[in-house]
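Student: Have a peek at upload-v5.pdb (PDB, C-alpha atoms).
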```pdb
ATOM      1  CA  LEU A   1       0.000   0.000   0.000
ATOM      2  CA  LEU A   2       2.781   2.431   0.854
ATOM      3  CA  GLN A   3       4.355   1.856  -2.561
ATOM      4  CA  THR A   4       1.058   2.209  -4.422
ATOM      5  CA  TYR A   5      -0.126   5.251  -2.449
ATOM      6  CA  PRO A   6       2.966   7.123  -1.217
ATOM      7  CA  ASP A   7       2.355   9.920   1.241
ATOM      8  CA  GLY A   8       4.964  12.313  -0.059
ATOM      9  CA  VAL A   9       5.557  13.870   3.357
ATOM     10  CA  VAL A  10       7.355  11.226   5.425
ATOM     11  CA  PRO A  11      11.143  11.488   5.085
ATOM     12  CA  VAL A  12      13.233   8.491   4.155
ATOM     13  CA  THR A  13      14.645   6.768   7.248
ATOM     14  CA  ASP A  14      17.278   4.169   7.918
ATOM     15  CA  GLY A  15      14.720   1.365   7.741
ATOM     16  CA  SER A  16      12.967   1.861  11.064
ATOM     17  CA  LEU A  17       9.215   1.398  11.191
ATOM     18  CA  THR A  18       8.408   4.771  12.735
ATOM     19  CA  THR A  19       9.411   8.376  12.316
ATOM     20  CA  VAL A  20       8.063  11.699  13.555
ATOM     21  CA  VAL A  21       6.762  14.410  11.216
ATOM     22  CA  LYS A  22       4.588  17.467  11.703
ATOM     23  CA  LEU A  23       1.544  17.780   9.473
ATOM     24  CA  ARG A  24      -1.062  20.478   9.084
ATOM     25  CA  ALA A  25      -4.364  19.925   7.327
ATOM     26  CA  PRO A  26      -4.911  22.435   4.495
ATOM     27  CA  ASN A  27      -7.540  25.093   5.059
ATOM     28  CA  ASP A  28      -9.348  24.346   1.819
ATOM     29  CA  PHE A  29     -12.731  26.039   1.327
ATOM     30  CA  ARG A  30     -14.178  26.749  -2.106
ATOM     31  CA  ASN A  31     -17.449  28.503  -2.843
ATOM     32  CA  ALA A  32     -18.784  29.343  -6.298
ATOM     33  CA  THR A  33     -22.123  30.976  -7.040
ATOM     34  CA  GLY A  34     -23.651  31.962 -10.355
ATOM     35  CA  MET A  35     -26.910  33.381 -11.617
ATOM     36  CA  ALA A  36     -28.441  33.999 -15.038
ATOM     37  CA  ARG A  37     -31.694  35.668 -16.022
ATOM     38  CA  LEU A  38     -33.687  36.384 -19.147
ATOM     39  CA  ASP A  39     -36.663  38.715 -19.525
ATOM     40  CA  GLU A  40     -38.792  39.511 -22.559
ATOM     41  CA  VAL A  41     -41.719  41.944 -22.721
ATOM     42  CA  ALA A  42     -43.824  42.491 -25.803
ATOM     43  CA  ARG A  43     -44.164  46.076 -26.991
ATOM     44  CA  ALA A  44     -47.874  46.141 -26.384
ATOM     45  CA  GLY A  45     -47.394  44.552 -22.965
ATOM     46  CA  SER A  46     -49.619  41.604 -23.837
ATOM     47  CA  ARG A  47     -46.878  39.069 -23.202
ATOM     48  CA  ARG A  48     -44.169  38.793 -20.548
ATOM     49  CA  LEU A  49     -41.641  35.967 -20.373
ATOM     50  CA  PHE A  50     -38.917  35.329 -17.829
ATOM     51  CA  ALA A  51     -36.343  32.677 -16.938
ATOM     52  CA  ARG A  52     -33.987  32.363 -13.962
ATOM     53  CA  ALA A  53     -31.131  30.018 -13.094
ATOM     54  CA  ILE A  54     -28.949  29.989  -9.995
ATOM     55  CA  TRP A  55     -26.368  27.549  -8.751
ATOM     56  CA  ASN A  56     -24.061  27.264  -5.782
ATOM     57  CA  ARG A  57     -21.134  24.921  -5.223
ATOM     58  CA  VAL A  58     -19.374  24.554  -1.858
ATOM     59  CA  LYS A  59     -16.469  22.224  -1.173
ATOM     60  CA  GLN A  60     -14.442  22.090   2.016
ATOM     61  CA  MET A  61     -11.910  19.817   3.647
ATOM     62  CA  PRO A  62     -12.591  19.283   7.370
ATOM     63  CA  ASP A  63      -9.661  18.317   9.564
ATOM     64  CA  GLY A  64     -11.311  14.999  10.403
ATOM     65  CA  LEU A  65     -11.290  13.872   6.756
ATOM     66  CA  TYR A  66      -7.762  14.973   5.901
ATOM     67  CA  SER A  67      -5.201  12.272   5.231
ATOM     68  CA  PRO A  68      -1.462  12.701   4.632
ATOM     69  CA  PHE A  69      -1.980  10.251   1.781
ATOM     70  CA  GLN A  70      -3.379  12.726  -0.731
ATOM     71  CA  GLU A  71      -5.449  10.231  -2.721
ATOM     72  CA  PHE A  72      -7.574   9.531   0.362
ATOM     73  CA  SER A  73      -8.497  13.067   1.429
ATOM     74  CA  ALA A  74     -12.245  13.356   0.839
ATOM     75  CA  PRO A  75     -13.844  16.822   0.906
ATOM     76  CA  ILE A  76     -17.456  17.522   1.805
ATOM     77  CA  ALA A  77     -19.607  18.918  -1.022
ATOM     78  CA  GLN A  78     -22.791  20.967  -0.718
ATOM     79  CA  ASN A  79     -24.439  21.914  -4.013
ATOM     80  CA  ALA A  80     -27.691  23.591  -5.000
ATOM     81  CA  THR A  81     -29.202  24.347  -8.408
ATOM     82  CA  ALA A  82     -32.513  26.020  -9.251
ATOM     83  CA  VAL A  83     -34.159  26.862 -12.571
ATOM     84  CA  ALA A  84     -37.442  28.764 -12.963
ATOM     85  CA  GLY A  85     -39.473  30.162 -15.802
ATOM     86  CA  GLY A  86     -42.834  31.696 -16.481
ATOM     87  CA  ALA A  87     -45.093  33.476 -18.882
ATOM     88  CA  VAL A  88     -47.931  35.952 -18.498
ATOM     89  CA  MET A  89     -50.011  36.328 -21.651
ATOM     90  CA  GLU A  90     -53.151  38.298 -22.361
ATOM     91  CA  LEU A  91     -55.296  36.176 -24.632
ATOM     92  CA  ARG A  92     -57.795  38.956 -25.144
ATOM     93  CA  PRO A  93     -58.854  41.988 -23.119
ATOM     94  CA  GLY A  94     -59.930  40.782 -19.686
ATOM     95  CA  LEU A  95     -58.529  37.251 -20.082
ATOM     96  CA  THR A  96     -54.971  36.508 -18.914
ATOM     97  CA  VAL A  97     -52.940  33.303 -18.508
ATOM     98  CA  ASP A  98     -50.249  33.097 -15.795
ATOM     99  CA  LEU A  99     -47.927  30.085 -16.054
ATOM    100  CA  HIS A 100     -44.975  29.359 -13.724
ATOM    101  CA  ALA A 101     -42.629  26.376 -13.362
ATOM    102  CA  ASN A 102     -39.482  25.671 -11.348
ATOM    103  CA  VAL A 103     -37.111  22.805 -10.623
ATOM    104  CA  SER A 104     -34.453  22.685  -7.903
ATOM    105  CA  THR A 105     -31.927  20.128  -6.692
ATOM    106  CA  THR A 106     -29.764  19.963  -3.581
ATOM    107  CA  TYR A 107     -26.864  17.716  -2.653
ATOM    108  CA  PHE A 108     -24.883  17.230   0.525
ATOM    109  CA  GLY A 109     -22.411  14.535   1.357
ATOM    110  CA  ASP A 110     -18.922  13.210   1.601
ATOM    111  CA  SER A 111     -17.337  10.327  -0.224
ATOM    112  CA  ARG A 112     -15.028   7.489   0.611
ATOM    113  CA  LEU A 113     -12.251   7.259  -1.931
ATOM    114  CA  HIS A 114     -10.852   3.879  -2.985
ATOM    115  CA  GLU A 115     -13.671   1.809  -1.537
ATOM    116  CA  GLU A 116     -11.806  -1.354  -2.480
ATOM    117  CA  ILE A 117      -9.258  -0.712   0.294
ATOM    118  CA  PRO A 118     -10.404  -1.626   3.817
ATOM    119  CA  ALA A 119      -9.961   0.634   6.810
ATOM    120  CA  LEU A 120      -6.792  -0.298   8.690
ATOM    121  CA  GLU A 121      -6.578   0.426  12.409
ATOM    122  CA  ALA A 122      -3.079  -0.039  13.698
ATOM    123  CA  GLY A 123      -2.284   3.126  15.643
ATOM    124  CA  PRO A 124      -0.282   5.118  13.069
ATOM    125  CA  THR A 125      -2.076   6.566  10.042
ATOM    126  CA  LEU A 126      -2.027   4.079   7.183
ATOM    127  CA  PRO A 127      -3.178   4.371   3.556
ATOM    128  CA  GLY A 128      -6.951   4.380   3.444
ATOM    129  CA  SER A 129      -9.861   6.738   3.733
ATOM    130  CA  ARG A 130     -10.668   8.210   7.131
ATOM    131  CA  VAL A 131     -14.348   8.135   6.248
ATOM    132  CA  ASN A 132     -15.670   4.976   7.867
ATOM    133  CA  GLN A 133     -19.272   6.005   7.209
ATOM    134  CA  GLU A 134     -20.113   8.058   4.140
ATOM    135  CA  PHE A 135     -23.340  10.008   3.866
ATOM    136  CA  ARG A 136     -24.985  11.410   0.765
ATOM    137  CA  GLU A 137     -28.371  13.068   0.415
ATOM    138  CA  LYS A 138     -29.926  14.411  -2.763
ATOM    139  CA  GLY A 139     -33.207  16.281  -2.945
ATOM    140  CA  THR A 140     -35.271  17.224  -5.987
ATOM    141  CA  GLN A 141     -38.321  19.466  -6.167
ATOM    142  CA  GLY A 142     -40.442  20.470  -9.125
ATOM    143  CA  GLU A 143     -43.489  22.697  -9.235
ATOM    144  CA  ILE A 144     -45.793  23.950 -11.967
ATOM    145  CA  SER A 145     -48.834  26.198 -11.719
ATOM    146  CA  ASP A 146     -51.209  27.608 -14.309
ATOM    147  CA  ASN A 147     -53.855  30.251 -13.631
ATOM    148  CA  LEU A 148     -56.526  31.837 -15.802
ATOM    149  CA  LEU A 149     -57.694  35.306 -14.758
ATOM    150  CA  TRP A 150     -60.967  36.656 -16.075
ATOM    151  CA  THR A 151     -61.813  40.271 -15.444
ATOM    152  CA  ARG A 152     -65.364  41.454 -16.087
ATOM    153  CA  GLY A 153     -66.391  44.855 -14.787
ATOM    154  CA  SER A 154     -65.645  45.006 -11.072
ATOM    155  CA  HIS A 155     -65.341  41.199 -10.827
ATOM    156  CA  LEU A 156     -62.177  39.102 -10.979
ATOM    157  CA  ILE A 157     -62.504  35.350 -11.425
ATOM    158  CA  LYS A 158     -59.480  33.111 -11.144
ATOM    159  CA  PHE A 159     -59.156  29.466 -12.162
ATOM    160  CA  GLY A 160     -55.978  27.527 -11.588
ATOM    161  CA  ALA A 161     -54.224  24.239 -11.087
ATOM    162  CA  GLY A 162     -50.800  23.194  -9.928
ATOM    163  CA  ALA A 163     -48.601  20.265  -9.072
ATOM    164  CA  LEU A 164     -45.727  19.840  -6.634
ATOM    165  CA  LEU A 165     -43.295  16.919  -6.754
ATOM    166  CA  ARG A 166     -40.627  16.268  -4.147
ATOM    167  CA  GLY A 167     -38.152  13.461  -3.767
ATOM    168  CA  THR A 168     -35.159  12.631  -1.609
ATOM    169  CA  GLN A 169     -32.459  10.009  -1.907
ATOM    170  CA  SER A 170     -30.120   9.300   0.966
ATOM    171  CA  LEU A 171     -27.280   6.839   1.350
ATOM    172  CA  LEU A 172     -25.621   5.835   4.587
ATOM    173  CA  GLY A 173     -22.624   3.859   3.494
ATOM    174  CA  VAL A 174     -20.066   1.927   5.460
ATOM    175  CA  VAL A 175     -16.698   0.504   4.561
ATOM    176  CA  GLY A 176     -17.618  -2.119   2.002
ATOM    177  CA  ALA A 177     -14.194  -3.764   2.177
ATOM    178  CA  GLY A 178     -14.414  -4.015   5.964
ATOM    179  CA  VAL A 179     -12.467  -2.662   8.935
ATOM    180  CA  TYR A 180      -9.296  -4.539   9.869
ATOM    181  CA  SER A 181      -8.140  -3.809  13.409
ATOM    182  CA  TYR A 182      -4.639  -4.695  14.548
ATOM    183  CA  SER A 183      -5.122  -3.232  18.020
ATOM    184  CA  SER A 184      -4.636  -5.734  20.819
ATOM    185  CA  THR A 185      -5.910  -5.267  24.369
ATOM    186  CA  THR A 186      -3.390  -7.786  25.691
ATOM    187  CA  SER A 187      -0.109  -7.009  23.990
ATOM    188  CA  GLY A 188      -0.786  -3.411  22.984
ATOM    189  CA  ASN A 189       1.656  -3.803  20.090
ATOM    190  CA  SER A 190      -0.621  -2.697  17.246
ATOM    191  CA  LEU A 191       2.226  -1.806  14.898
ATOM    192  CA  GLY A 192       3.900  -5.162  15.514
ATOM    193  CA  ASN A 193       0.666  -6.964  14.741
ATOM    194  CA  PHE A 194       0.381  -5.003  11.516
ATOM    195  CA  GLU A 195       3.971  -5.865  10.550
ATOM    196  CA  ALA A 196       3.310  -9.556  11.205
ATOM    197  CA  ASP A 197      -0.142  -9.394   9.567
ATOM    198  CA  ARG A 198      -1.905 -10.518  12.734
ATOM    199  CA  VAL A 199      -5.435  -9.151  12.396
ATOM    200  CA  GLN A 200      -7.198  -8.950  15.764
ATOM    201  CA  GLN A 201     -10.709  -8.102  14.536
ATOM    202  CA  ILE A 202     -12.566  -7.779  11.242
ATOM    203  CA  SER A 203     -15.837  -5.852  10.968
ATOM    204  CA  MET A 204     -18.156  -5.955   7.983
ATOM    205  CA  ALA A 205     -21.406  -4.025   7.404
ATOM    206  CA  ARG A 206     -23.951  -3.221   4.718
ATOM    207  CA  SER A 207     -24.860   0.152   3.206
ATOM    208  CA  GLU A 208     -28.447   1.383   3.318
ATOM    209  CA  GLU A 209     -30.163   3.542   0.699
ATOM    210  CA  HIS A 210     -33.500   5.275   1.219
ATOM    211  CA  THR A 211     -35.745   6.924  -1.371
ATOM    212  CA  SER A 212     -38.902   8.899  -0.682
ATOM    213  CA  GLU A 213     -41.272  10.777  -2.980
ATOM    214  CA  LEU A 214     -44.052  13.256  -2.259
ATOM    215  CA  GLN A 215     -46.577  14.407  -4.829
TER     216      GLN A 215
END
```
Translate this structure into structure tokens?

Tutor:
Amino acid sequence: LLQTYPDGVVPVTDGSLTTVVKLRAPNDFRNATGMARLDEVARAGSRRLFARAIWNRVKQMPDGLYSPFQEFSAPIAQNATAVAGGAVMELRPGLTVDLHANVSTTYFGDSRLHEEIPALEAGPTLPGSRVNQEFREKGTQGEISDNLLWTRGSHLIKFGAGALLRGTQSLLGVVGAGVYSYSSTTSGNSLGNFEADRVQQISMARSEEHTSELQ
């Protein structure tokens, strides 16, 4: 593992199993936000169209997920995207159609890189992700509404219909390749057990995925 995934920070020693280095997790926080809009109004004012789009992307590296082995550092992502559009049209004097629609998605979660490699517990930090349980949640919402406004004298009559769809998907994942513990309550020589490949405990679990929809 050390040859396949070198850390790049531990100095070369004279062959001893341990060495002391000072590490500092990077303060990595990235935030990007964008917005676009489009508006169109007819000269006579009988038609108005609009469209909106906004997105936000956040990525950060908490200290608890940092690994000196760069290929195993897993940031947390939080994303949101929303798109909306609508039209207001006057079919004839006193009769107007108002149509709106929007769709939005959200995402929050971390990820466990190199899922094929089990978690190794032997005291010192070894190659492998520090995320023993990964969590991902994605939400989607869509809405559409259509209204017909009829104006006659001092009276205003409104007819309308709409639909709202919501859905969520969540995943609570565990280490699919298992957790291999070399810690011993009797000898206390975790590093020696790792060197001799004496596994003290193996834990396996199953990931769970949940999906819900609301209409």

Student: Go through A:Gly160, A:Pro127, A:Gly192, A:Gly167 one by one, measure the shortest atom-to-atom distance of each to Glu71 of chain A using only C-alpha atoms, and give the residue with the smallest value.

Tutor: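 Result for the nearest residue to Glu71 of chain A: A:Pro127.
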
Student: Skip segment 33-41 of chain A itself and residues of its chain fewer than 6 positions away, then list as a ChimeraX atom specification all residues within 9 Å of it, counting all atoms listed in the file.

Tutor: /A:47-58

Student: Which one is closest to Arg92 of chain A: A:Ser111, A:Ser145, A:Gln3, A:Ser46? Count all atoms listed in the file.

Tutor: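 Residue with the minimum atom-to-atom distance to Arg92 of chain A: A:Ser46.
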
Student: Using atom CA of Ala74 of chain A and atom CA of Ser170 of chain A as the two end points, give the distance in Å to one decimal.

Tutor: 18.3 Å

Student: Have a look at atom CA of Ser181 of chain A and atom CA of Asp110 of chain A and let me know their distance in Å, one decimal.

Tutor: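 Separating atom CA of Ser181 of chain A from atom CA of Asp110 of chain A is a distance of 23.4 Å.
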
Student: Check the smallest atom-to-atom distance from each of A:Thr168, A:Arg30, A:Gly139, A:Asn147 to Gly86 of chain A using all atoms listed in the file, then report the winner.

Tutor: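 For Gly86 of chain A, the nearest of the candidates is A:Asn147.
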
Student: Using only C-alpha atoms, find the one residue out of A:Leu171, A:Val88, A:Ala80, A:Ala44 that sits nearest to Asn31 of chain A.

Tutor: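 Closest candidate: A:Ala80.
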